[in-house]
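Q: input.cif is reproduced in full below (mmCIF, C-alpha atoms).
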```cif
data_entry
#
loop_
_atom_site.label_atom_id
_atom_site.label_comp_id
_atom_site.auth_asym_id
_atom_site.auth_seq_id
_atom_site.Cartn_x
_atom_site.Cartn_y
_atom_site.Cartn_z
CA MET A 114 31.54 -40.91 -1.33
CA PRO A 115 31.44 -37.37 -2.79
CA ASN A 116 28.42 -35.19 -2.10
CA THR A 117 26.10 -35.58 -5.11
CA MET A 118 23.97 -32.54 -4.22
CA PRO A 119 24.85 -29.41 -6.21
CA GLN A 120 27.19 -27.31 -4.11
CA ASN A 121 27.33 -23.56 -3.88
CA LEU A 122 30.97 -23.67 -5.01
CA ARG A 123 32.46 -20.40 -3.87
CA THR A 124 36.11 -21.20 -4.40
CA PRO A 125 38.00 -18.87 -6.75
CA GLY A 126 38.49 -21.79 -9.13
CA PRO A 127 37.41 -24.25 -10.26
CA THR A 128 34.10 -22.46 -10.66
CA PRO A 129 30.61 -23.85 -11.36
CA ILE A 130 29.91 -25.01 -14.90
CA PRO A 131 26.58 -23.88 -16.41
CA VAL A 132 24.32 -26.63 -17.75
CA ASP A 133 24.58 -25.59 -21.41
CA ILE A 134 28.37 -25.55 -21.26
CA ASN A 135 28.41 -28.93 -19.50
CA GLU A 136 26.18 -30.35 -22.23
CA ALA A 137 28.44 -28.97 -24.96
CA MET A 138 31.38 -30.86 -23.46
CA SER A 139 29.60 -34.18 -24.05
CA ASP A 140 29.75 -33.82 -27.84
CA PRO A 141 31.40 -36.76 -29.65
CA MET A 142 35.12 -36.87 -30.24
CA ILE A 143 36.48 -35.67 -33.59
CA ASN A 144 39.81 -36.01 -35.36
CA HIS A 145 42.06 -33.30 -33.91
CA ARG A 146 43.97 -33.36 -37.20
CA GLY A 147 40.83 -32.94 -39.27
CA PRO A 148 38.87 -30.01 -40.72
CA GLU A 149 36.24 -29.95 -37.94
CA PHE A 150 38.90 -29.25 -35.34
CA GLY A 151 40.45 -26.63 -37.61
CA GLU A 152 37.15 -24.76 -37.60
CA LEU A 153 36.82 -25.13 -33.83
CA ILE A 154 40.28 -23.79 -32.97
CA ALA A 155 40.00 -20.93 -35.48
CA LYS A 156 36.68 -19.84 -33.94
CA THR A 157 37.79 -20.07 -30.33
CA THR A 158 41.12 -18.36 -30.99
CA GLN A 159 39.44 -15.37 -32.62
CA GLN A 160 36.86 -15.14 -29.85
CA LEU A 161 39.54 -15.34 -27.18
CA LYS A 162 41.28 -12.39 -28.81
CA GLN A 163 38.08 -10.40 -28.27
CA VAL A 164 38.10 -11.31 -24.57
CA PHE A 165 41.82 -10.49 -24.28
CA MET A 166 41.17 -7.27 -26.21
CA THR A 167 44.18 -7.97 -28.42
CA LYS A 168 45.26 -8.33 -32.02
CA ASN A 169 48.36 -10.19 -30.87
CA ASP A 170 48.89 -13.87 -31.52
CA LEU A 171 47.06 -16.10 -29.06
CA TYR A 172 47.39 -19.80 -28.30
CA ILE A 173 45.31 -22.41 -26.52
CA LEU A 174 47.42 -24.86 -24.51
CA THR A 175 46.32 -28.11 -22.93
CA ALA A 176 47.61 -27.27 -19.46
CA SER A 177 46.62 -25.60 -16.24
CA GLY A 178 47.14 -21.86 -15.85
CA THR A 179 50.65 -22.50 -14.59
CA GLY A 180 51.48 -23.87 -18.04
CA SER A 181 50.71 -20.52 -19.68
CA LEU A 182 52.97 -18.75 -17.20
CA GLU A 183 55.77 -21.22 -17.78
CA ALA A 184 55.32 -20.67 -21.52
CA ALA A 185 55.64 -16.92 -20.99
CA ILE A 186 58.95 -17.39 -19.17
CA VAL A 187 60.65 -19.99 -21.35
CA ASN A 188 59.74 -18.34 -24.65
CA THR A 189 61.19 -14.93 -23.76
CA LEU A 190 64.10 -15.44 -21.38
CA SER A 191 67.50 -17.11 -21.13
CA PRO A 192 69.31 -18.44 -18.06
CA GLY A 193 71.10 -15.56 -16.37
CA ASP A 194 68.74 -12.85 -17.64
CA ARG A 195 68.12 -10.24 -14.97
CA VAL A 196 64.40 -9.93 -14.23
CA ILE A 197 62.11 -8.34 -11.68
CA ALA A 198 59.57 -10.73 -10.18
CA ALA A 199 57.10 -8.81 -8.03
CA THR A 200 54.95 -10.66 -5.51
CA ALA A 201 52.35 -9.93 -2.86
CA GLY A 202 50.83 -13.37 -2.35
CA ALA A 203 51.05 -17.10 -2.87
CA PHE A 204 50.61 -16.99 -6.64
CA GLY A 205 53.11 -14.18 -7.03
CA ASP A 206 55.51 -16.38 -5.06
CA ARG A 207 54.84 -19.21 -7.51
CA PHE A 208 55.73 -16.97 -10.45
CA VAL A 209 58.99 -16.11 -8.66
CA ASP A 210 59.77 -19.77 -7.99
CA MET A 211 59.09 -20.65 -11.62
CA VAL A 212 61.43 -18.09 -13.15
CA GLU A 213 64.13 -18.95 -10.59
CA ALA A 214 63.79 -22.64 -11.47
CA TYR A 215 64.74 -21.84 -15.06
CA GLY A 216 67.89 -20.01 -14.02
CA ALA A 217 67.00 -16.35 -14.34
CA ASP A 218 68.84 -13.81 -12.20
CA VAL A 219 65.84 -12.69 -10.18
CA LYS A 220 65.36 -9.41 -8.37
CA ARG A 221 62.50 -10.41 -6.09
CA MET A 222 60.26 -7.55 -5.00
CA ASP A 223 58.04 -8.39 -2.04
CA PHE A 224 55.02 -6.25 -1.30
CA GLU A 225 52.71 -6.57 1.68
CA TRP A 226 50.08 -9.32 1.37
CA GLY A 227 46.69 -7.66 1.11
CA SER A 228 48.08 -4.45 -0.38
CA PRO A 229 48.78 -3.45 -3.99
CA MET A 230 52.16 -3.49 -5.68
CA ASP A 231 53.68 -0.02 -5.92
CA PRO A 232 54.61 0.97 -9.50
CA ASN A 233 57.01 3.60 -8.18
CA GLU A 234 59.05 0.96 -6.36
CA ILE A 235 59.35 -0.98 -9.61
CA ARG A 236 60.39 2.26 -11.33
CA LYS A 237 63.20 2.74 -8.79
CA VAL A 238 64.63 -0.72 -9.47
CA LEU A 239 64.43 -0.26 -13.23
CA MET A 240 66.26 3.06 -12.95
CA ALA A 241 68.97 1.49 -10.80
CA GLU A 242 69.37 -1.65 -12.92
CA PRO A 243 69.16 -0.92 -16.66
CA GLU A 244 70.21 -4.48 -17.51
CA ILE A 245 66.84 -5.85 -16.38
CA LYS A 246 65.13 -7.58 -19.31
CA ALA A 247 61.63 -8.36 -18.02
CA VAL A 248 59.15 -7.70 -15.24
CA LEU A 249 56.79 -10.43 -13.98
CA VAL A 250 53.59 -9.42 -12.19
CA THR A 251 50.34 -10.99 -11.06
CA HIS A 252 47.26 -9.01 -12.07
CA ASN A 253 44.83 -10.50 -9.55
CA GLU A 254 46.28 -12.21 -6.50
CA THR A 255 43.87 -15.02 -5.66
CA SER A 256 45.38 -15.71 -2.25
CA THR A 257 44.68 -12.20 -0.92
CA GLY A 258 41.85 -10.80 -3.02
CA VAL A 259 43.93 -7.91 -4.40
CA THR A 260 43.86 -6.63 -7.98
CA HIS A 261 47.22 -5.04 -8.62
CA PRO A 262 47.59 -1.83 -10.69
CA VAL A 263 48.93 -3.50 -13.83
CA GLU A 264 47.93 -0.55 -16.03
CA GLU A 265 50.15 1.77 -13.99
CA ILE A 266 52.90 -0.85 -13.78
CA ALA A 267 52.77 -1.25 -17.56
CA GLN A 268 53.12 2.52 -18.03
CA VAL A 269 56.38 2.28 -16.09
CA VAL A 270 57.71 -0.99 -17.48
CA LYS A 271 56.75 -0.40 -21.10
CA GLY A 272 56.24 3.34 -21.45
CA GLU A 273 59.30 4.48 -19.52
CA PHE A 274 61.79 1.60 -19.80
CA ASP A 275 60.63 -0.61 -22.73
CA LYS A 276 61.14 -3.88 -20.85
CA LEU A 277 59.20 -7.10 -21.38
CA LEU A 278 56.06 -7.39 -19.26
CA LEU A 279 54.83 -10.90 -18.39
CA VAL A 280 51.44 -11.01 -16.68
CA ASP A 281 49.70 -13.71 -14.65
CA ALA A 282 46.00 -13.07 -15.37
CA VAL A 283 44.74 -16.50 -14.33
CA SER A 284 42.06 -15.27 -11.91
CA SER A 285 41.23 -11.99 -13.64
CA LEU A 286 40.99 -12.24 -17.42
CA GLY A 287 37.42 -12.48 -18.61
CA CYS A 288 36.12 -11.03 -15.32
CA ILE A 289 38.16 -7.87 -14.69
CA PRO A 290 39.24 -5.48 -17.47
CA LEU A 291 42.71 -6.25 -18.81
CA PRO A 292 42.98 -4.72 -22.30
CA VAL A 293 46.15 -6.44 -23.43
CA ASP A 294 46.93 -4.15 -26.37
CA ALA A 295 45.93 -0.90 -24.69
CA TRP A 296 48.19 -1.69 -21.75
CA ASP A 297 50.98 -3.04 -24.03
CA CYS A 298 51.41 -6.34 -22.18
CA ASP A 299 53.83 -8.73 -23.87
CA MET A 300 52.76 -12.10 -22.51
CA VAL A 301 49.45 -12.62 -20.69
CA GLY A 302 48.44 -16.05 -19.43
CA THR A 303 45.15 -17.28 -18.01
CA ALA A 304 43.19 -20.51 -17.54
CA SER A 305 39.89 -22.19 -18.26
CA GLN A 306 38.54 -22.96 -14.79
CA LYS A 307 38.02 -19.37 -13.64
CA GLY A 308 36.01 -16.80 -15.56
CA PHE A 309 35.67 -19.09 -18.59
CA MET A 310 33.35 -21.43 -16.66
CA ILE A 311 34.81 -24.73 -17.89
CA PRO A 312 36.89 -27.41 -16.12
CA PRO A 313 40.62 -27.14 -15.52
CA GLY A 314 42.77 -28.28 -18.42
CA LEU A 315 43.16 -25.40 -20.84
CA SER A 316 45.26 -22.28 -20.62
CA PHE A 317 45.48 -19.32 -22.97
CA ILE A 318 48.38 -17.00 -23.73
CA SER A 319 48.77 -13.88 -25.84
CA VAL A 320 52.12 -13.02 -27.43
CA SER A 321 53.14 -9.54 -28.57
CA GLU A 322 55.51 -8.77 -31.45
CA ARG A 323 58.07 -7.70 -28.86
CA ALA A 324 57.73 -11.08 -27.16
CA TRP A 325 58.25 -12.87 -30.47
CA GLU A 326 61.45 -10.88 -30.95
CA ALA A 327 62.63 -12.08 -27.53
CA GLN A 328 61.64 -15.63 -28.41
CA GLN A 329 64.16 -15.68 -31.25
CA THR A 330 67.07 -15.43 -28.82
CA ALA A 331 65.58 -17.03 -25.67
CA LYS A 332 67.65 -19.99 -24.50
CA MET A 333 65.61 -21.45 -21.66
CA PRO A 334 64.79 -25.13 -22.36
CA ARG A 335 61.35 -25.72 -23.82
CA PHE A 336 59.50 -28.38 -25.73
CA TYR A 337 55.84 -28.83 -24.74
CA PHE A 338 55.55 -25.06 -24.22
CA ASP A 339 57.52 -24.00 -27.30
CA LEU A 340 55.19 -21.42 -28.79
CA SER A 341 56.96 -21.45 -32.14
CA MET A 342 55.50 -24.95 -32.59
CA ALA A 343 52.07 -23.69 -31.50
CA LYS A 344 52.33 -20.93 -34.10
CA GLU A 345 53.35 -23.34 -36.86
CA TYR A 346 50.55 -25.81 -36.10
CA LEU A 347 47.84 -23.18 -35.63
CA ALA A 348 48.50 -22.01 -39.18
CA THR A 349 47.26 -25.47 -40.28
CA GLY A 350 44.29 -25.53 -37.89
CA GLN A 351 45.97 -27.84 -35.38
CA THR A 352 47.88 -27.96 -32.10
CA PRO A 353 51.33 -29.52 -31.74
CA PHE A 354 50.09 -32.07 -29.21
CA THR A 355 46.75 -33.72 -28.46
CA PRO A 356 44.26 -31.09 -27.30
CA ASN A 357 41.63 -31.45 -24.60
CA LEU A 358 38.72 -31.77 -27.02
CA SER A 359 35.93 -31.88 -24.46
CA ALA A 360 37.20 -28.71 -22.82
CA MET A 361 37.50 -27.11 -26.26
CA TYR A 362 33.81 -27.79 -26.88
CA GLY A 363 33.02 -26.16 -23.55
CA LEU A 364 35.27 -23.22 -24.33
CA SER A 365 33.51 -22.61 -27.63
CA LYS A 366 30.13 -22.48 -25.87
CA ALA A 367 31.47 -20.37 -23.00
CA LEU A 368 32.91 -17.80 -25.38
CA ASP A 369 29.56 -17.60 -27.17
CA VAL A 370 27.91 -16.91 -23.81
CA LEU A 371 30.45 -14.28 -22.72
CA LEU A 372 30.45 -12.39 -25.98
CA GLU A 373 26.67 -12.48 -26.21
CA GLU A 374 26.48 -10.92 -22.74
CA GLY A 375 29.12 -8.41 -23.82
CA MET A 376 32.42 -8.03 -22.00
CA GLU A 377 31.54 -4.64 -20.50
CA ASN A 378 28.41 -6.23 -19.05
CA VAL A 379 30.47 -9.18 -17.78
CA PHE A 380 32.87 -6.78 -16.05
CA GLY A 381 29.96 -4.81 -14.61
CA ARG A 382 28.29 -7.95 -13.27
CA HIS A 383 31.47 -9.04 -11.52
CA SER A 384 31.99 -5.58 -10.06
CA ALA A 385 28.42 -5.41 -8.71
CA ILE A 386 28.54 -8.88 -7.17
CA ALA A 387 31.95 -8.21 -5.62
CA GLN A 388 30.65 -5.02 -4.01
CA PHE A 389 27.55 -6.89 -2.84
CA THR A 390 29.83 -9.49 -1.23
CA ARG A 391 32.06 -6.97 0.50
CA ASP A 392 29.14 -4.95 1.81
CA HIS A 393 27.45 -8.02 3.28
CA MET A 394 30.63 -9.25 4.94
CA LYS A 395 30.97 -5.90 6.70
CA GLU A 396 27.29 -5.97 7.69
CA LEU A 397 27.98 -9.30 9.40
CA GLY A 398 30.66 -7.55 11.45
CA LEU A 399 33.54 -9.18 9.60
CA GLU A 400 36.73 -7.43 8.55
CA LEU A 401 38.07 -7.56 5.00
CA LEU A 402 41.76 -8.15 4.34
CA VAL A 403 41.87 -5.48 1.63
CA THR A 404 41.16 -2.12 3.22
CA ASP A 405 41.38 0.02 0.08
CA GLU A 406 38.45 -1.01 -2.10
CA LYS A 407 40.13 0.52 -5.14
CA TYR A 408 42.31 -2.61 -5.15
CA ALA A 409 39.74 -5.12 -3.89
CA SER A 410 39.33 -7.98 -6.34
CA ASN A 411 36.09 -8.41 -8.24
CA THR A 412 36.66 -12.17 -8.44
CA VAL A 413 37.51 -13.16 -4.86
CA THR A 414 37.02 -11.56 -1.45
CA ALA A 415 39.37 -12.33 1.44
CA VAL A 416 37.79 -12.08 4.91
CA LYS A 417 39.80 -12.02 8.14
CA ILE A 418 39.09 -14.79 10.63
CA PRO A 419 37.74 -13.10 13.75
CA ASP A 420 39.45 -13.68 17.08
CA GLY A 421 38.24 -16.83 18.74
CA VAL A 422 36.87 -18.40 15.55
CA ASP A 423 38.09 -21.83 14.43
CA ASN A 424 38.80 -21.40 10.71
CA LYS A 425 38.67 -25.11 9.88
CA ALA A 426 35.40 -25.52 11.77
CA LEU A 427 33.92 -22.53 9.94
CA VAL A 428 34.81 -23.79 6.47
CA GLY A 429 33.87 -27.35 7.42
CA LYS A 430 30.41 -26.50 8.78
CA MET A 431 29.65 -24.29 5.80
CA ARG A 432 30.35 -27.25 3.52
CA THR A 433 28.84 -30.15 5.46
CA GLU A 434 25.80 -28.42 6.95
CA HIS A 435 24.96 -25.78 4.35
CA ASN A 436 26.55 -27.09 1.13
CA VAL A 437 28.51 -23.85 0.72
CA VAL A 438 32.15 -24.40 -0.24
CA LEU A 439 34.45 -21.57 0.83
CA ALA A 440 38.21 -21.43 0.32
CA GLY A 441 40.62 -21.22 3.22
CA GLY A 442 43.71 -19.06 3.23
CA GLN A 443 46.95 -19.97 1.47
CA GLY A 444 50.61 -19.81 2.38
CA ARG A 445 51.38 -17.53 5.28
CA MET A 446 47.68 -16.62 5.57
CA SER A 447 46.39 -20.18 5.89
CA ASN A 448 45.00 -19.52 9.36
CA ASP A 449 44.16 -15.85 8.96
CA ILE A 450 41.46 -15.59 6.28
CA PHE A 451 38.75 -17.37 4.39
CA ARG A 452 37.91 -16.51 0.79
CA ILE A 453 34.72 -16.23 -1.21
CA GLY A 454 35.00 -16.70 -4.95
CA HIS A 455 32.56 -14.73 -7.08
CA LEU A 456 33.66 -15.20 -10.67
CA GLY A 457 32.39 -16.93 -13.76
CA ALA A 458 28.81 -18.19 -13.56
CA VAL A 459 27.81 -16.34 -10.39
CA ALA A 460 24.69 -14.44 -9.33
CA LYS A 461 23.83 -12.34 -6.29
CA SER A 462 21.60 -15.17 -5.06
CA ASP A 463 24.72 -17.36 -4.69
CA ILE A 464 26.23 -14.78 -2.35
CA THR A 465 22.95 -14.35 -0.46
CA ASP A 466 23.06 -18.08 0.30
CA VAL A 467 26.61 -17.67 1.62
CA VAL A 468 25.54 -14.78 3.86
CA ASP A 469 22.52 -16.68 5.21
CA ALA A 470 24.70 -19.68 6.05
CA LEU A 471 27.36 -17.52 7.71
CA LYS A 472 24.72 -15.97 9.97
CA ILE A 473 24.03 -19.44 11.34
CA VAL A 474 27.56 -20.87 11.39
CA LEU A 475 29.60 -17.94 12.71
CA PRO A 476 28.09 -17.99 16.24
CA GLN A 477 28.53 -21.78 16.30
CA VAL A 478 32.30 -21.49 15.78
CA GLY A 479 32.99 -18.75 18.32
CA PHE A 480 32.11 -15.47 16.60
CA LYS A 481 30.84 -12.74 18.92
CA SER A 482 29.62 -9.72 16.95
#
```
Could you quickly redo this structure as structure tokens?

A:
Amino acid sequence: MPNTMPQNLRTPGPTPIPVDINEAMSDPMINHRGPEFGELIAKTTQQLKQVFMTKNDLYILTASGTGSLEAAIVNTLSPGDRVIAATAGAFGDRFVDMVEAYGADVKRMDFEWGSPMDPNEIRKVLMAEPEIKAVLVTHNETSTGVTHPVEEIAQVVKGEFDKLLLVDAVSSLGCIPLPVDAWDCDMVGTASQKGFMIPPGLSFISVSERAWEAQQTAKMPRFYFDLSMAKEYLATGQTPFTPNLSAMYGLSKALDVLLEEGMENVFGRHSAIAQFTRDHMKELGLELLVTDEKYASNTVTAVKIPDGVDNKALVGKMRTEHNVVLAGGQGRMSNDIFRIGHLGAVAKSDITDVVDALKIVLPQVGFKS
């Protein structure tokens, strides 16, 4: 049986759902082809544009965050298009795998896990290969706790070479500044279960004019993620396919909450709690994966497993004995780190509880400070 006690859920997604948002999701069903839904999707779309800091078109998809990234690829590219796919973690790898699956000619750029992508290295490839059509990057790499310098990358990709820029912002948007228009990002995708404080099941994507131009000639197969259909239906206050109505109710409430707090205040809160987390991990004698705090994520902190510590025992005891749910490592770092999510509905007291539990559990699993 699942634990019915409220958990201190410190995974980097799904994140805890506040009570008022949870209550909003219990509202009765409505006709998703009727006027009430038209009002709901118009409101949430305009509010999402404020969070994205964009005047570009924006669409709500019933899908996980991966769906928004797939939509970005299939609506702008054709099989055989030469693209750069930069990666420095498990989710960057997923973006690479996705664009390869659709037949793009991929120049994979691997950067060290735990370190930022280097815009100058991307510049070198773009200079050497003028036929490149698009660059794919991950803004915030959940698997390593690194926020990559997308603003600087965009200055290279857009400002110097005028290529398409497709951005995975699943674990950053709404928590870490990503001004879509100011940075001139063409396609930016994110998801509901991170900073938006609602369950998995919705993803959001912004589309620039330049991306729409590419969409006219893109030949990758698409149906469910054909954004031309989303555009046509949104004009009538609908979605092409059945939307996740309960999640839409939660989204509407969550956007009210975020915009009432003010996005600068939301960013500041995440920054302060992230610093609080990092400082306390170091005070415990633990080592962070990201050594340059300029690139340390404000949504998730990756902590190295000390020598002699059983990672599975650590995560397991935190959950079963202290009701604190941490995330293990992913991919090649499965046995090297644990991660603390601090995004969405999070307060310093949540992190204090993590620290207090770690003080008890770490010595029990072999940690010698």

Q: Looking at all atoms listed in the file, which of A:Val219, A:Pro192, A:Ala458, A:Asn448 is the one that sits closest to Leu122 (chain A)?

A: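 Looking only at the distances to Leu122 (chain A), the closest residue turns out to be A:Ala458.
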
Q: Using only C-alpha atoms, which of A:Ser177, A:Thr465, A:Gln477, A:Ser410 sits nearest Gly429 (chain A)?

A: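 Counting only C-alpha atoms, the residue closest to Gly429 (chain A) is A:Gln477.
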
Q: So the first atom is CA of Gln160 (chain A) and the second is CA of Ser256 (chain A); what is the distance between them in Å, to one decimal place?

A: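 Computing the Euclidean distance for CA of Gln160 (chain A) and CA of Ser256 (chain A) yields 28.9 Å.
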
Q: Given the choices A:Met446, A:Val259, A:Ala360, A:Ile453, which gets closest to Tyr408 (chain A) if the distance is worked out from all atoms listed in the file?

A: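 Smallest separation from Tyr408 (chain A) among the options: A:Val259.
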
Q: I'd like the neighbourhood of Phe336 (chain A) as a ChimeraX atom specification, where a residue qualifies if any of its atoms comes within 10 Å (using all atoms listed in the file), though same-chain residues fewer than 4 positions away should be ignored.

A: /A:184,187,340-342

Q: Would you save the residues of that selection, restricted to C-alpha atoms, as a compact mmCIF listing (two decimals), in the coordinates of the input?

A:
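File out37.txt, as written:
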```txt
# COMPACT_ATOMS: atom_id res chain seq x y z
CA ALA A 184 55.32 -20.67 -21.52
CA VAL A 187 60.65 -19.99 -21.35
CA LEU A 340 55.19 -21.42 -28.79
CA SER A 341 56.96 -21.45 -32.14
CA MET A 342 55.50 -24.95 -32.59
```

Q: Skipping near chain neighbours, those fewer than 4 positions away, what residues fall within 8 Å of His393 (chain A) using only C-alpha atoms, listed as an NGL selection string?

A: :A and (389 or 397 or 468)

Q: Once you count all atoms listed in the file, what closest atom pair and distance in Å to one decimal does each residue of region 125-236 of chain A within 7 Å of region 290-296 of chain A have, with rows by chain and rising residue number, as JSON lines?

A:
```
{"residue": "A:Phe165", "atom": "CA", "partner": "A:Val293", "partner_atom": "CA", "distance": 6.0}
{"residue": "A:Met166", "atom": "CA", "partner": "A:Pro292", "partner_atom": "CA", "distance": 5.0}
{"residue": "A:Thr167", "atom": "CA", "partner": "A:Asp294", "partner_atom": "CA", "distance": 5.1}
```

Q: Next, write the just-selected residues to a file, as a PDB file, in the frame of the given file, keeping C-alpha atoms as the atom set.

A:
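For reference, result.pdb as written:
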```pdb
ATOM      1  CA  PHE A 165      41.820 -10.490 -24.280  1.00  0.00           C
ATOM      2  CA  MET A 166      41.170  -7.270 -26.210  1.00  0.00           C
ATOM      3  CA  THR A 167      44.180  -7.970 -28.420  1.00  0.00           C
TER       4      THR A 167
END
```

Q: If you apply the PyMOL selection byres ((chain A and resi 379) around 12) to this file, what residues do you get, as a VMD selection string?

A: chain A and resid 164 285 to 290 308 to 309 368 370 to 378 380 to 386 411 to 412 456 to 460

Q: From the set A:Ala203, A:Ile197, A:Met431, A:Ala176, which residue has the shortest atom-to-atom contact distance to Ser447 (chain A), counting all atoms listed in the file?

A: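 Using all atoms listed in the file, Ser447 (chain A) sits closest to A:Ala203.
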
Q: If the PyMOL selection byres ((chain A and resi 421-423) around 9) is run on the structure shown, which residues does it catch, given as a ChimeraX atom specification?

A: /A:418-420,424-428,448,475-476,478-481

Q: Can you pull out the residues contacting Leu171 (chain A)? Cut-off 8 Å, using only C-alpha atoms, and skip same-chain residues under 4 positions away; I want them as a list of chain:residue names.

A: A:Thr158, A:Leu161, A:Lys162, A:Phe317, A:Ile318, A:Ser319, A:Val320

Q: May I ask which of the residues A:Pro125, A:Gly350, A:Pro131, A:Gly398 is the closest one to Tyr172 (chain A), counting all atoms listed in the file?

A: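 Nearest to Tyr172 (chain A): A:Gly350.
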
Q: For Tyr215 (chain A), which of A:Ala137, A:Phe150, A:Thr257, A:Lys332 is the closest residue, counting only C-alpha atoms?

A: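 Of A:Ala137, A:Phe150, A:Thr257, A:Lys332, the one nearest Tyr215 (chain A), counting only C-alpha atoms, is A:Lys332.
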
Q: Starting from the PyMOL selection byres ((chain A and resi 239) around 12), expand the selection into actual residues of this file and give them as an mmCIF file with C-alpha atoms, in the coordinates of the input.

A:
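Once everything was written out, this is result_9.cif:
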```
data_model
loop_
_atom_site.group_PDB
_atom_site.id
_atom_site.type_symbol
_atom_site.label_atom_id
_atom_site.label_comp_id
_atom_site.auth_asym_id
_atom_site.auth_seq_id
_atom_site.Cartn_x
_atom_site.Cartn_y
_atom_site.Cartn_z
ATOM 1 C CA ARG A 195 68.120 -10.240 -14.970
ATOM 2 C CA VAL A 196 64.400 -9.930 -14.230
ATOM 3 C CA ILE A 197 62.110 -8.340 -11.680
ATOM 4 C CA ALA A 198 59.570 -10.730 -10.180
ATOM 5 C CA LYS A 220 65.360 -9.410 -8.370
ATOM 6 C CA MET A 222 60.260 -7.550 -5.000
ATOM 7 C CA PRO A 232 54.610 0.970 -9.500
ATOM 8 C CA ASN A 233 57.010 3.600 -8.180
ATOM 9 C CA GLU A 234 59.050 0.960 -6.360
ATOM 10 C CA ILE A 235 59.350 -0.980 -9.610
ATOM 11 C CA ARG A 236 60.390 2.260 -11.330
ATOM 12 C CA LYS A 237 63.200 2.740 -8.790
ATOM 13 C CA VAL A 238 64.630 -0.720 -9.470
ATOM 14 C CA MET A 240 66.260 3.060 -12.950
ATOM 15 C CA ALA A 241 68.970 1.490 -10.800
ATOM 16 C CA GLU A 242 69.370 -1.650 -12.920
ATOM 17 C CA PRO A 243 69.160 -0.920 -16.660
ATOM 18 C CA GLU A 244 70.210 -4.480 -17.510
ATOM 19 C CA ILE A 245 66.840 -5.850 -16.380
ATOM 20 C CA LYS A 246 65.130 -7.580 -19.310
ATOM 21 C CA ALA A 247 61.630 -8.360 -18.020
ATOM 22 C CA VAL A 248 59.150 -7.700 -15.240
ATOM 23 C CA ILE A 266 52.900 -0.850 -13.780
ATOM 24 C CA VAL A 269 56.380 2.280 -16.090
ATOM 25 C CA VAL A 270 57.710 -0.990 -17.480
ATOM 26 C CA LYS A 271 56.750 -0.400 -21.100
ATOM 27 C CA GLU A 273 59.300 4.480 -19.520
ATOM 28 C CA PHE A 274 61.790 1.600 -19.800
ATOM 29 C CA ASP A 275 60.630 -0.610 -22.730
ATOM 30 C CA LYS A 276 61.140 -3.880 -20.850
ATOM 31 C CA LEU A 277 59.200 -7.100 -21.380
#
```
